[in-house]
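Q: My file is final-v6.cif. It has mmCIF, C-alpha atoms:
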data_target
loop_
_atom_site.label_atom_id
_atom_site.label_comp_id
_atom_site.auth_asym_id
_atom_site.auth_seq_id
_atom_site.Cartn_x
_atom_site.Cartn_y
_atom_site.Cartn_z
CA MET A 23 4.37 -14.46 -12.07
CA ILE A 24 7.29 -14.62 -9.71
CA GLU A 25 7.91 -17.89 -7.97
CA ILE A 26 10.38 -18.97 -5.34
CA SER A 27 10.49 -22.69 -4.77
CA ASN A 28 12.31 -24.64 -2.07
CA LEU A 29 14.87 -21.90 -1.70
CA THR A 30 17.68 -22.67 0.71
CA PHE A 31 20.28 -19.99 1.09
CA GLY A 32 23.08 -18.97 3.41
CA TYR A 33 26.29 -17.07 2.92
CA SER A 34 27.91 -20.08 4.57
CA LYS A 35 26.47 -23.60 4.58
CA LYS A 36 26.69 -23.71 8.36
CA LYS A 37 24.52 -20.66 8.88
CA LEU A 38 21.40 -20.75 6.72
CA LEU A 39 19.27 -17.66 6.24
CA PHE A 40 16.41 -19.45 4.46
CA LYS A 41 15.42 -23.04 4.46
CA ASN A 42 12.95 -24.50 1.95
CA LEU A 43 11.32 -21.20 1.31
CA ASN A 44 8.35 -20.98 -1.06
CA LEU A 45 6.66 -17.87 -2.33
CA LYS A 46 4.44 -16.78 -5.21
CA LEU A 47 3.97 -13.16 -6.18
CA GLN A 48 1.34 -11.86 -8.58
CA MET A 49 1.47 -9.08 -11.15
CA GLY A 50 -0.38 -5.84 -10.52
CA HIS A 51 0.53 -5.58 -6.87
CA ILE A 52 2.84 -3.65 -4.59
CA TYR A 53 4.32 -5.91 -1.97
CA GLY A 54 5.73 -4.51 1.26
CA LEU A 55 8.56 -6.68 2.58
CA LEU A 56 9.10 -6.42 6.31
CA GLY A 57 11.55 -8.14 8.62
CA LYS A 58 13.81 -7.37 11.53
CA ASN A 59 17.39 -6.22 10.95
CA GLY A 60 19.34 -9.25 9.82
CA ALA A 61 16.22 -11.30 9.03
CA GLY A 62 17.35 -11.56 5.43
CA LYS A 63 15.18 -9.07 3.53
CA SER A 64 17.98 -7.78 1.33
CA THR A 65 19.30 -11.31 0.85
CA LEU A 66 15.88 -12.48 -0.30
CA LEU A 67 15.75 -9.62 -2.79
CA LYS A 68 19.24 -10.47 -4.04
CA ASN A 69 18.14 -14.06 -4.63
CA LEU A 70 15.17 -12.81 -6.66
CA ALA A 71 17.44 -10.56 -8.67
CA GLY A 72 20.06 -13.25 -9.37
CA LEU A 73 22.72 -11.33 -7.44
CA VAL A 74 23.44 -14.35 -5.22
CA PHE A 75 23.01 -18.06 -5.89
CA PRO A 76 20.78 -20.37 -3.87
CA LEU A 77 22.26 -23.46 -2.24
CA GLU A 78 19.09 -25.30 -3.23
CA GLY A 79 15.88 -24.43 -5.01
CA GLN A 80 15.29 -21.51 -7.35
CA CYS A 81 13.70 -18.14 -8.04
CA LYS A 82 11.81 -17.75 -11.30
CA LEU A 83 10.52 -14.73 -13.17
CA LYS A 84 8.47 -15.25 -16.34
CA GLY A 85 9.93 -18.73 -16.62
CA TYR A 86 13.55 -17.55 -16.33
CA ARG A 87 15.70 -18.79 -13.48
CA ALA A 88 17.19 -15.80 -11.69
CA ALA A 89 20.51 -17.55 -11.11
CA ASP A 90 21.01 -18.08 -14.88
CA ARG A 91 21.06 -14.29 -15.39
CA LEU A 92 19.96 -14.59 -19.01
CA PRO A 93 19.31 -11.39 -21.00
CA GLY A 94 15.60 -12.25 -21.20
CA PHE A 95 15.50 -12.25 -17.41
CA LEU A 96 17.68 -9.18 -16.88
CA GLN A 97 15.59 -7.00 -19.17
CA GLU A 98 12.50 -7.79 -17.08
CA LEU A 99 14.08 -6.84 -13.79
CA PHE A 100 15.18 -3.60 -12.17
CA PHE A 101 16.70 -3.49 -8.72
CA ILE A 102 17.19 -0.27 -6.75
CA PRO A 103 19.43 -1.10 -3.79
CA GLU A 104 19.59 0.93 -0.62
CA GLU A 105 23.06 2.27 -1.43
CA ILE A 106 23.50 3.52 -4.97
CA TYR A 107 26.49 4.59 -7.03
CA LEU A 108 25.87 6.69 -10.10
CA PRO A 109 28.41 7.55 -12.79
CA GLY A 110 29.82 10.99 -13.58
CA THR A 111 27.31 11.63 -16.35
CA SER A 112 24.05 13.55 -16.58
CA ALA A 113 20.58 11.99 -16.26
CA VAL A 114 20.19 12.32 -20.03
CA GLN A 115 23.52 10.60 -20.76
CA PHE A 116 22.72 7.90 -18.21
CA ALA A 117 19.54 7.03 -20.10
CA GLN A 118 21.41 7.09 -23.44
CA SER A 119 24.00 4.61 -22.18
CA THR A 120 21.77 2.32 -20.12
CA ALA A 121 18.17 2.43 -21.36
CA HIS A 122 18.68 0.16 -24.37
CA PHE A 123 19.09 -2.82 -22.04
CA TYR A 124 15.39 -2.39 -21.26
CA PRO A 125 13.15 -2.81 -24.33
CA LYS A 126 10.12 -1.28 -22.57
CA PHE A 127 12.01 1.82 -21.39
CA ASP A 128 9.83 4.93 -21.80
CA GLU A 129 11.96 8.04 -22.19
CA GLY A 130 9.05 10.48 -21.92
CA GLN A 131 7.99 8.87 -18.63
CA TYR A 132 11.59 9.11 -17.34
CA PHE A 133 11.83 12.84 -18.01
CA ARG A 134 8.35 13.53 -16.63
CA MET A 135 9.27 11.79 -13.38
CA LEU A 136 12.60 13.63 -13.13
CA ALA A 137 10.71 16.90 -13.58
CA GLU A 138 8.16 15.94 -10.93
CA PHE A 139 11.03 15.07 -8.57
CA ASP A 140 12.75 18.41 -9.37
CA VAL A 141 15.97 16.73 -10.53
CA PRO A 142 17.87 18.67 -13.22
CA GLN A 143 18.45 16.64 -16.41
CA THR A 144 21.91 18.00 -17.13
CA SER A 145 23.68 17.94 -13.73
CA ILE A 146 26.43 15.39 -13.16
CA LEU A 147 24.77 12.57 -11.24
CA SER A 148 27.73 11.65 -9.02
CA LYS A 149 27.83 15.25 -7.76
CA LEU A 150 24.17 15.31 -6.73
CA SER A 151 23.10 14.75 -3.12
CA PHE A 152 22.19 11.22 -2.04
CA GLY A 153 18.46 12.05 -2.09
CA GLN A 154 18.67 13.48 -5.61
CA GLN A 155 20.62 10.42 -6.83
CA LYS A 156 18.01 8.15 -5.31
CA LYS A 157 15.26 10.00 -7.16
CA VAL A 158 17.12 9.54 -10.47
CA MET A 159 17.32 5.80 -9.84
CA ILE A 160 13.65 5.59 -8.89
CA ALA A 161 12.63 7.52 -12.02
CA PHE A 162 14.88 5.37 -14.21
CA GLY A 163 13.75 2.12 -12.58
CA LEU A 164 10.07 2.94 -13.04
CA ALA A 165 10.62 4.07 -16.63
CA THR A 166 12.21 0.72 -17.55
CA ASN A 167 8.71 -0.79 -17.15
CA THR A 168 10.18 -4.14 -16.18
CA THR A 169 7.93 -6.94 -14.96
CA LEU A 170 9.63 -6.86 -11.58
CA LEU A 171 10.84 -3.74 -9.82
CA ILE A 172 12.60 -4.21 -6.50
CA MET A 173 13.25 -1.27 -4.21
CA ASP A 174 15.24 -1.59 -1.01
CA GLU A 175 14.39 1.28 1.38
CA PRO A 176 13.43 3.67 -1.45
CA THR A 177 12.32 6.51 0.83
CA ASN A 178 15.62 6.68 2.75
CA GLY A 179 17.23 9.99 1.94
CA LEU A 180 14.09 11.54 0.43
CA ASP A 181 12.91 14.82 1.95
CA ILE A 182 9.31 15.32 3.05
CA PRO A 183 7.88 16.75 -0.20
CA SER A 184 9.76 14.10 -2.21
CA LYS A 185 8.09 11.33 -0.22
CA ALA A 186 4.67 12.63 -1.27
CA LYS A 187 5.88 12.86 -4.88
CA PHE A 188 7.25 9.32 -4.60
CA ARG A 189 3.82 8.05 -3.54
CA ARG A 190 2.14 9.88 -6.40
CA ILE A 191 4.64 8.54 -8.95
CA ILE A 192 4.34 4.94 -7.73
CA ALA A 193 0.53 5.19 -7.70
CA GLY A 194 0.64 6.21 -11.35
CA ALA A 195 3.24 3.63 -12.40
CA LEU A 196 1.64 0.41 -11.19
CA THR A 197 0.05 -1.58 -14.01
CA GLU A 198 -1.41 -5.07 -14.36
CA GLU A 199 1.82 -6.17 -16.05
CA ARG A 200 4.24 -5.32 -13.28
CA CYS A 201 5.03 -6.28 -9.75
CA ILE A 202 6.74 -3.94 -7.30
CA ILE A 203 8.45 -5.15 -4.15
CA ILE A 204 9.39 -2.54 -1.57
CA SER A 205 11.50 -3.48 1.41
CA THR A 206 11.23 -0.91 4.17
CA HIS A 207 11.35 -0.02 7.81
CA GLN A 208 9.60 3.28 7.08
CA ILE A 209 6.20 1.68 6.79
CA ARG A 210 4.32 4.92 7.47
CA ASP A 211 5.82 6.50 4.35
CA LEU A 212 4.20 3.82 2.24
CA ASP A 213 1.18 2.51 4.04
CA SER A 214 -1.34 3.72 1.47
CA LEU A 215 0.69 2.24 -1.40
CA ILE A 216 1.38 -1.29 -0.28
CA ASP A 217 -1.49 -3.69 -0.99
CA SER A 218 0.13 -6.94 0.13
CA LEU A 219 2.38 -7.72 3.02
CA LEU A 220 5.33 -10.12 3.19
CA ILE A 221 7.00 -10.74 6.53
CA VAL A 222 10.34 -12.57 6.79
CA HIS A 223 11.04 -14.05 10.18
CA GLU A 224 13.37 -16.79 11.34
CA GLN A 225 14.30 -18.31 7.98
CA GLU A 226 10.74 -18.26 6.72
CA ILE A 227 8.14 -16.12 5.02
CA VAL A 228 5.64 -16.16 7.85
CA LEU A 229 3.09 -13.98 6.12
CA ASN A 230 2.08 -13.34 2.50
CA LYS A 231 -1.38 -11.77 2.48
CA SER A 232 -3.15 -8.86 0.89
CA LEU A 233 -4.18 -6.08 3.26
CA ASP A 234 -7.79 -6.73 2.22
CA GLU A 235 -7.56 -10.33 3.42
CA ILE A 236 -5.95 -9.19 6.66
CA ALA A 237 -8.65 -6.58 7.29
CA GLU A 238 -11.34 -9.19 6.67
CA ARG A 239 -10.00 -11.36 9.46
CA ILE A 240 -8.54 -8.93 11.93
CA TYR A 241 -10.00 -5.77 13.35
CA PHE A 242 -7.43 -3.13 14.29
CA GLY A 243 -8.67 -0.85 17.01
CA SER A 244 -7.66 1.14 20.02
CA SER A 245 -10.64 0.47 22.21
CA ALA A 246 -10.09 -1.16 25.55
CA LEU A 247 -13.75 -2.11 25.58
CA LEU A 248 -13.47 -5.01 23.18
CA ASP A 249 -14.52 -8.48 24.10
CA LYS A 250 -11.33 -9.75 25.79
CA GLU A 251 -11.63 -13.23 24.36
CA MET A 252 -11.49 -11.93 20.84
CA VAL A 253 -8.27 -9.99 21.33
CA LEU A 254 -5.36 -11.62 19.47
CA TYR A 255 -2.69 -9.13 20.42
CA GLU A 256 -2.43 -5.86 22.25
CA GLU A 257 0.22 -3.27 22.81
CA PRO A 258 0.21 -0.29 25.17
CA HIS A 259 -0.12 2.99 23.38
CA ARG A 260 0.25 6.57 24.60
CA ILE A 261 -3.46 6.92 25.21
CA GLY A 262 -4.55 3.36 25.84
CA LEU A 263 -4.22 0.10 24.00
CA ASN A 264 -3.73 -0.76 20.36
CA THR A 265 -5.48 -4.03 19.75
CA MET A 266 -5.87 -6.66 17.09
CA SER A 267 -8.96 -8.76 17.45
CA VAL A 268 -10.98 -11.31 15.50
CA ASN A 269 -13.11 -9.49 12.95
CA HIS A 270 -16.62 -10.81 13.54
CA ASN A 271 -18.76 -7.98 12.38
CA GLU A 272 -17.26 -7.43 8.94
CA VAL A 273 -16.06 -4.00 9.92
CA PHE A 274 -13.09 -3.06 7.80
CA SER A 275 -10.49 -1.16 9.74
CA LYS A 276 -7.23 0.16 8.38
CA VAL A 277 -4.48 -2.43 8.79
CA ASP A 278 -1.88 -1.19 11.27
CA MET A 279 1.18 -2.77 9.65
CA GLU A 280 3.52 -1.80 12.48
CA LEU A 281 1.29 -3.45 15.06
CA LEU A 282 0.86 -6.56 12.92
CA PHE A 283 4.61 -6.77 12.41
CA SER A 284 5.27 -6.46 16.16
CA ALA A 285 2.77 -9.22 16.84
CA VAL A 286 4.32 -11.54 14.28
CA ILE A 287 7.94 -11.09 15.32
CA SER A 288 7.14 -11.45 19.01
CA ASP A 289 5.91 -14.94 18.11
CA HIS A 290 2.22 -14.45 18.59
CA LYS A 291 1.29 -17.60 16.76
CA SER A 292 -2.43 -16.92 17.31
CA VAL A 293 -2.21 -13.99 14.89
CA ILE A 294 -0.53 -16.00 12.13
CA ASN A 295 -2.82 -18.97 12.71
CA HIS A 296 -5.84 -16.76 12.51
CA LEU A 297 -4.65 -15.29 9.21
CA ASN A 298 -3.75 -18.58 7.59
CA MET B 16 -5.23 12.91 1.61
CA GLU B 17 -4.73 12.07 5.29
CA PHE B 18 -6.35 8.79 6.17
CA ARG B 19 -7.85 8.08 9.58
CA GLU B 20 -6.71 5.04 11.50
CA ASN B 21 -10.06 3.48 12.25
CA GLU B 22 -11.48 2.70 8.82
CA ALA B 23 -10.26 0.88 5.72
CA ILE B 24 -8.76 3.26 3.15
CA TYR B 25 -11.09 2.12 0.36
CA LEU B 26 -14.11 3.15 2.44
CA GLN B 27 -12.54 6.53 3.13
CA ILE B 28 -11.97 6.96 -0.61
CA ALA B 29 -15.59 5.98 -1.31
CA ALA B 30 -16.69 8.63 1.20
CA TYR B 31 -14.42 11.19 -0.49
CA VAL B 32 -16.00 10.42 -3.87
CA GLY B 33 -19.49 10.59 -2.32
CA GLU B 34 -18.72 13.99 -0.84
CA HIS B 35 -17.55 15.31 -4.21
CA ILE B 36 -20.77 14.12 -5.83
CA VAL B 37 -23.05 15.58 -3.15
CA LEU B 38 -21.22 18.92 -3.20
CA GLY B 39 -21.53 19.02 -6.99
CA LYS B 40 -17.78 19.24 -7.55
CA TRP B 41 -17.94 16.84 -10.46
CA PRO B 42 -20.41 17.62 -13.27
CA LEU B 43 -23.21 15.05 -13.44
CA ASP B 44 -22.92 14.24 -17.13
CA GLN B 45 -19.15 13.89 -17.32
CA LYS B 46 -17.03 10.96 -16.28
CA ILE B 47 -15.43 11.03 -12.87
CA PRO B 48 -11.63 10.70 -12.46
CA SER B 49 -10.16 7.44 -13.72
CA VAL B 50 -8.76 4.89 -11.27
CA ARG B 51 -5.22 5.96 -12.10
CA ASP B 52 -5.88 9.70 -11.82
CA LEU B 53 -7.58 9.36 -8.45
CA ALA B 54 -4.82 7.02 -7.19
CA VAL B 55 -2.18 9.59 -8.14
CA GLU B 56 -4.17 12.46 -6.61
CA LEU B 57 -4.68 10.62 -3.32
CA GLN B 58 -1.23 8.91 -3.36
CA VAL B 59 -2.76 5.46 -2.93
CA ASN B 60 -2.45 2.08 -4.59
CA PRO B 61 -4.68 1.94 -7.71
CA ASN B 62 -6.07 -1.41 -6.47
CA THR B 63 -7.51 0.45 -3.47
CA VAL B 64 -9.31 2.88 -5.78
CA VAL B 65 -10.60 -0.08 -7.83
CA ARG B 66 -12.05 -1.49 -4.63
CA ALA B 67 -13.62 1.88 -3.70
CA TYR B 68 -15.19 2.16 -7.18
CA GLU B 69 -16.48 -1.43 -6.98
CA PHE B 70 -18.04 -0.59 -3.64
CA LEU B 71 -19.69 2.54 -5.10
CA GLN B 72 -20.93 0.52 -8.09
CA ASN B 73 -22.51 -2.00 -5.73
CA LYS B 74 -24.18 0.86 -3.89
CA GLU B 75 -25.40 2.16 -7.30
CA VAL B 76 -23.68 5.52 -6.81
CA ILE B 77 -21.58 5.25 -9.95
CA THR B 78 -21.86 3.18 -13.13
CA ASN B 79 -19.14 1.76 -15.32
CA LYS B 80 -19.50 2.36 -19.03
CA ARG B 81 -17.11 -0.16 -20.51
CA GLY B 82 -14.21 1.38 -22.32
CA ILE B 83 -15.28 4.92 -21.44
CA GLY B 84 -15.08 5.27 -17.66
CA PHE B 85 -17.12 5.76 -14.53
CA PHE B 86 -20.16 8.04 -14.40
CA ILE B 87 -22.36 9.34 -11.61
CA ALA B 88 -25.58 7.31 -11.40
CA ALA B 89 -28.98 8.96 -11.79
CA ASP B 90 -30.06 8.95 -8.15
CA ALA B 91 -26.54 8.94 -6.72
CA GLU B 92 -27.32 11.43 -3.97
CA LYS B 93 -30.10 9.28 -2.55
CA LYS B 94 -27.85 6.21 -2.62
CA ILE B 95 -25.00 8.09 -0.97
CA LYS B 96 -27.32 9.21 1.81
CA GLU B 97 -28.46 5.61 2.32
CA TYR B 98 -25.00 4.18 2.74
CA SER B 99 -23.71 7.21 4.67
CA LYS B 100 -26.48 6.44 7.12
CA GLU B 101 -25.32 2.83 7.33
CA ARG B 102 -21.76 4.03 7.83
CA PHE B 103 -22.80 6.45 10.58
CA LEU B 104 -24.86 3.80 12.36
CA GLY B 105 -22.01 1.33 12.08
CA ASN B 106 -19.07 3.56 13.02
CA ALA B 107 -19.88 6.80 14.76
CA LEU B 108 -22.93 5.65 16.69
CA PRO B 109 -21.24 2.79 18.62
CA GLU B 110 -18.50 5.23 19.65
CA PHE B 111 -21.20 7.70 20.72
CA PHE B 112 -23.01 4.98 22.69
CA LYS B 113 -19.77 3.99 24.36
CA ASN B 114 -19.29 7.53 25.64
CA MET B 115 -22.94 7.78 26.70
CA TYR B 116 -22.48 4.64 28.73
CA LEU B 117 -19.11 5.60 30.24
CA LEU B 118 -20.25 9.11 31.13
CA ASP B 119 -23.65 7.99 32.33
CA ILE B 120 -25.66 10.21 30.00
CA SER B 121 -29.35 9.39 29.71
CA MET B 122 -31.32 9.08 26.47
CA LYS B 123 -33.61 11.84 27.79
CA GLU B 124 -30.71 14.28 28.07
CA ILE B 125 -29.58 13.42 24.54
CA GLU B 126 -33.08 13.94 23.21
CA GLU B 127 -33.37 17.37 24.82
CA ARG B 128 -30.03 18.42 23.46
CA PHE B 129 -30.86 17.08 20.02
CA GLU B 130 -34.08 19.15 19.91
CA GLN B 131 -32.12 22.20 21.06
CA PHE B 132 -29.46 21.56 18.41
CA LYS B 133 -32.05 21.28 15.64
CA ALA B 134 -33.74 24.50 16.80
CA GLU B 135 -30.44 26.38 16.82
CA HIS B 136 -29.11 25.16 13.50
CA TYR B 137 -32.04 24.14 11.35
CA HIS B 138 -34.98 26.24 12.67
CA GLN B 139 -35.72 27.71 9.24
CA ASN B 140 -36.52 24.25 7.82
#
Let me see whether you can do it: turn the structure in this file into C-alpha cells.
A:
Amino acid sequence: MIEISNLTFGYSKKKLLFKNLNLKLQMGHIYGLLGKNGAGKSTLLKNLAGLVFPLEGQCKLKGYRAADRLPGFLQELFFIPEEIYLPGTSAVQFAQSTAHFYPKFDEGQYFRMLAEFDVPQTSILSKLSFGQQKKVMIAFGLATNTTLLIMDEPTNGLDIPSKAKFRRIIAGALTEERCIIISTHQIRDLDSLIDSLLIVHEQEIVLNKSLDEIAERIYFGSSALLDKEMVLYEEPHRIGLNTMSVNHNEVFSKVDMELLFSAVISDHKSVINHLN
Amino acid sequence: MEFRENEAIYLQIAAYVGEHIVLGKWPLDQKIPSVRDLAVELQVNPNTVVRAYEFLQNKEVITNKRGIGFFIAADAEKKIKEYSKERFLGNALPEFFKNMYLLDISMKEIEERFEQFKAEHYHQN
C-alpha cells in the first residue's frame, strides 16, 4: 500500500502547494491523477517518488519513507516523467546497464513490449524521436515490475496507433501486486484504463474514488428531460446539455471524467458532497 | 472496441461476451478468454473485465471453474436473452418512449408499424 500522511509541501515555505494532505492508494489499480495546470500534480508525484522532500508529513511505500530514498524503496518504484533524457546507448545496452537495480525486471517482457511498440532494439536511444524514446521508457518501466509505477503524461508524443498499443500493453501489465498512477490531461486516451480517479485542487486531494463508486452515485447523461432537482451539474454541449445527476435508479452510465473534473474545479461542492 | 457514452463499460463488455456466445464464436466446451486476454484485446482495465465476468456469473451465463478459467454455462443463451431483455427495457425503451412523447406518436401507430415490420422481416416464422 501507498500512504501519504499529513503531507505539507511547498517549494518555498511562504507558498504552500499542499497542506496536511492524506491519501491511501491500493495495489491492483490504475489511478488517474487530474488537476489544473499548476495545481501540483507533478509535485505530488515527485513527493511520492522521493524526488523532493516534504516540509511536514511523509509518503510511504511498502513501509519505506520516500524521502529516505533507501535501496529497498528505490527498487520498488519507477517514475516516467513527462520529459525524458535517454543515453547514447541501444535499448539492449540500456537494459544491461540499468535493469539490475530492479530485482523483478523481466527481460522477455521488455523485448516483447519494444517489439509491440515497433522500437528497434539496436538503435541509439538518444537519436530516436521523442515518441520512440517515450515508448522505450514505458516498456522499461513496465518491465521493472515495481510495486509503484508513476507516469506523467505518458501518451504525450505517442502517435495514434501507439496510443492503442499503449492501452493494450498497460491492460496486460496490471497485476494485483502493482499500482499504476497516471497523471494526464489527455483523459480520452486513457478513459477505459483508469479505474480510480484522483483530483488535486487547491492544496488538497478533493476526490479519491473508484469509477464504480462514482457511477453508483452519479448518473452521467445528456438528456435535458431529467428531473431538474436531481441535477448536480450541467454543461452546455454541442447538441444539448451534458448532465450529472443523482443516480436513483441504479443505472450505471459511463463516467464522463472530463465533465466530473470541470464540475469539481469550478467548485461545485454539491458534486463532491454527494460523492463523499 | 469503441465504447458508447451512455452505459458503463463493464456492461458493454458483458454484452460483447453475450454476443460472442449467441453467435457461436466461442466453442461451448472450451474456456472463454481469460480476464487478462480480454482486457488486452479490448484495451481496458482488467478490473473492468473482472466486473463484467462477475456480472455474467451472477446472470448464470458463465461459470468459474477455479484454477482453470471461465466456461459458458449450459443454458447461457436463455440467460443472455433474459438479461438482454432487461437491458432493452431499461435503456432503449425509455429513450424510445421519450421520442414517442416528444413527437406525439400514438401507441396505435406503433402497433401498426410493428405488425408491418414483423410481416416484412419475419413472415416466414
Q: List as JSON lines every residue of chain A that is in contact with chain B, defined as an atom at most 7 Å from one of its atoms (using all atoms listed in the file), together with the nearest atom pair and the distance in Å rounded to one decimal, sorted by chain and then rising number.
A:
{"residue": "A:Arg189", "atom": "CA", "partner": "B:Gln58", "partner_atom": "CA", "distance": 5.1}
{"residue": "A:Arg190", "atom": "CA", "partner": "B:Gln58", "partner_atom": "CA", "distance": 4.6}
{"residue": "A:Ile191", "atom": "CA", "partner": "B:Val55", "partner_atom": "CA", "distance": 6.9}
{"residue": "A:Ala193", "atom": "CA", "partner": "B:Val55", "partner_atom": "CA", "distance": 5.2}
{"residue": "A:Gly194", "atom": "CA", "partner": "B:Val55", "partner_atom": "CA", "distance": 5.4}
{"residue": "A:Ser214", "atom": "CA", "partner": "B:Val59", "partner_atom": "CA", "distance": 4.9}
{"residue": "A:Leu215", "atom": "CA", "partner": "B:Asn60", "partner_atom": "CA", "distance": 4.5}
{"residue": "A:Ile216", "atom": "CA", "partner": "B:Asn60", "partner_atom": "CA", "distance": 6.7}
{"residue": "A:Asp217", "atom": "CA", "partner": "B:Asn60", "partner_atom": "CA", "distance": 6.9}
{"residue": "A:Gly243", "atom": "CA", "partner": "B:Asn21", "partner_atom": "CA", "distance": 6.6}
{"residue": "A:Phe274", "atom": "CA", "partner": "B:Ala23", "partner_atom": "CA", "distance": 5.3}
{"residue": "A:Ser275", "atom": "CA", "partner": "B:Glu22", "partner_atom": "CA", "distance": 4.1}
{"residue": "A:Lys276", "atom": "CA", "partner": "B:Ala23", "partner_atom": "CA", "distance": 4.1}
Q: Carefully work through the PyMOL selection byres ((chain B and resi 81-87) around 10) for this structure and note down the residues it includes, as a PyMOL selection string.
A: chain B and resi 33+36+41-50+68+71-72+75-80+88-92
Q: So what does the PyMOL selection byres ((chain A and resi 56) around 8) actually pick up in this one, as a list in words?
A: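 Selected by the PyMOL selection byres ((chain A and resi 56) around 8) in this file: Gly54, Leu55, Gly57, Lys58, Lys63, Ser205, Thr206, His207, Leu219, Leu220, Ile221, Val222 and Phe283 of chain A.
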Q: Using all atoms listed in the file for the distances, tell me which of A:Glu175, A:Asp90, A:Glu224, A:Glu138 is nearest to Ile106 (chain A).
A: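 Among the listed residues, A:Glu175 lies closest to Ile106 (chain A).
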Q: Run the PyMOL selection byres ((chain A and resi 244) around 6) against the file shown and list the residues it catches, as a list in words.
A: Gly243, Ser245, Leu263, Asn264 and Thr265 of chain A
Q: One number please: CA of Ala285 (chain A) to CA of Glu104 (chain A), in Å, one decimal.
A: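 Taking CA of Ala285 (chain A) as the start and CA of Glu104 (chain A) as the end point, the length is 26.3 Å.
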Q: Looking at all atoms listed in the file, which of B:Glu135, B:Tyr116, B:Tyr31, B:Lys74 is the one that sits closest to Glu97 (chain B)?
A: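 Residue with the minimum atom-to-atom distance to Glu97 (chain B): B:Lys74.
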Q: Report as an NGL selection string all protein, DNA and RNA residues lying within 12 Å of Gly153 (chain A), evaluated on only C-alpha atoms, omitting residues in the same chain fewer than 2 positions from it.
A: :A and (104-106 or 139-141 or 147-151 or 155-160 or 176-185 or 188)
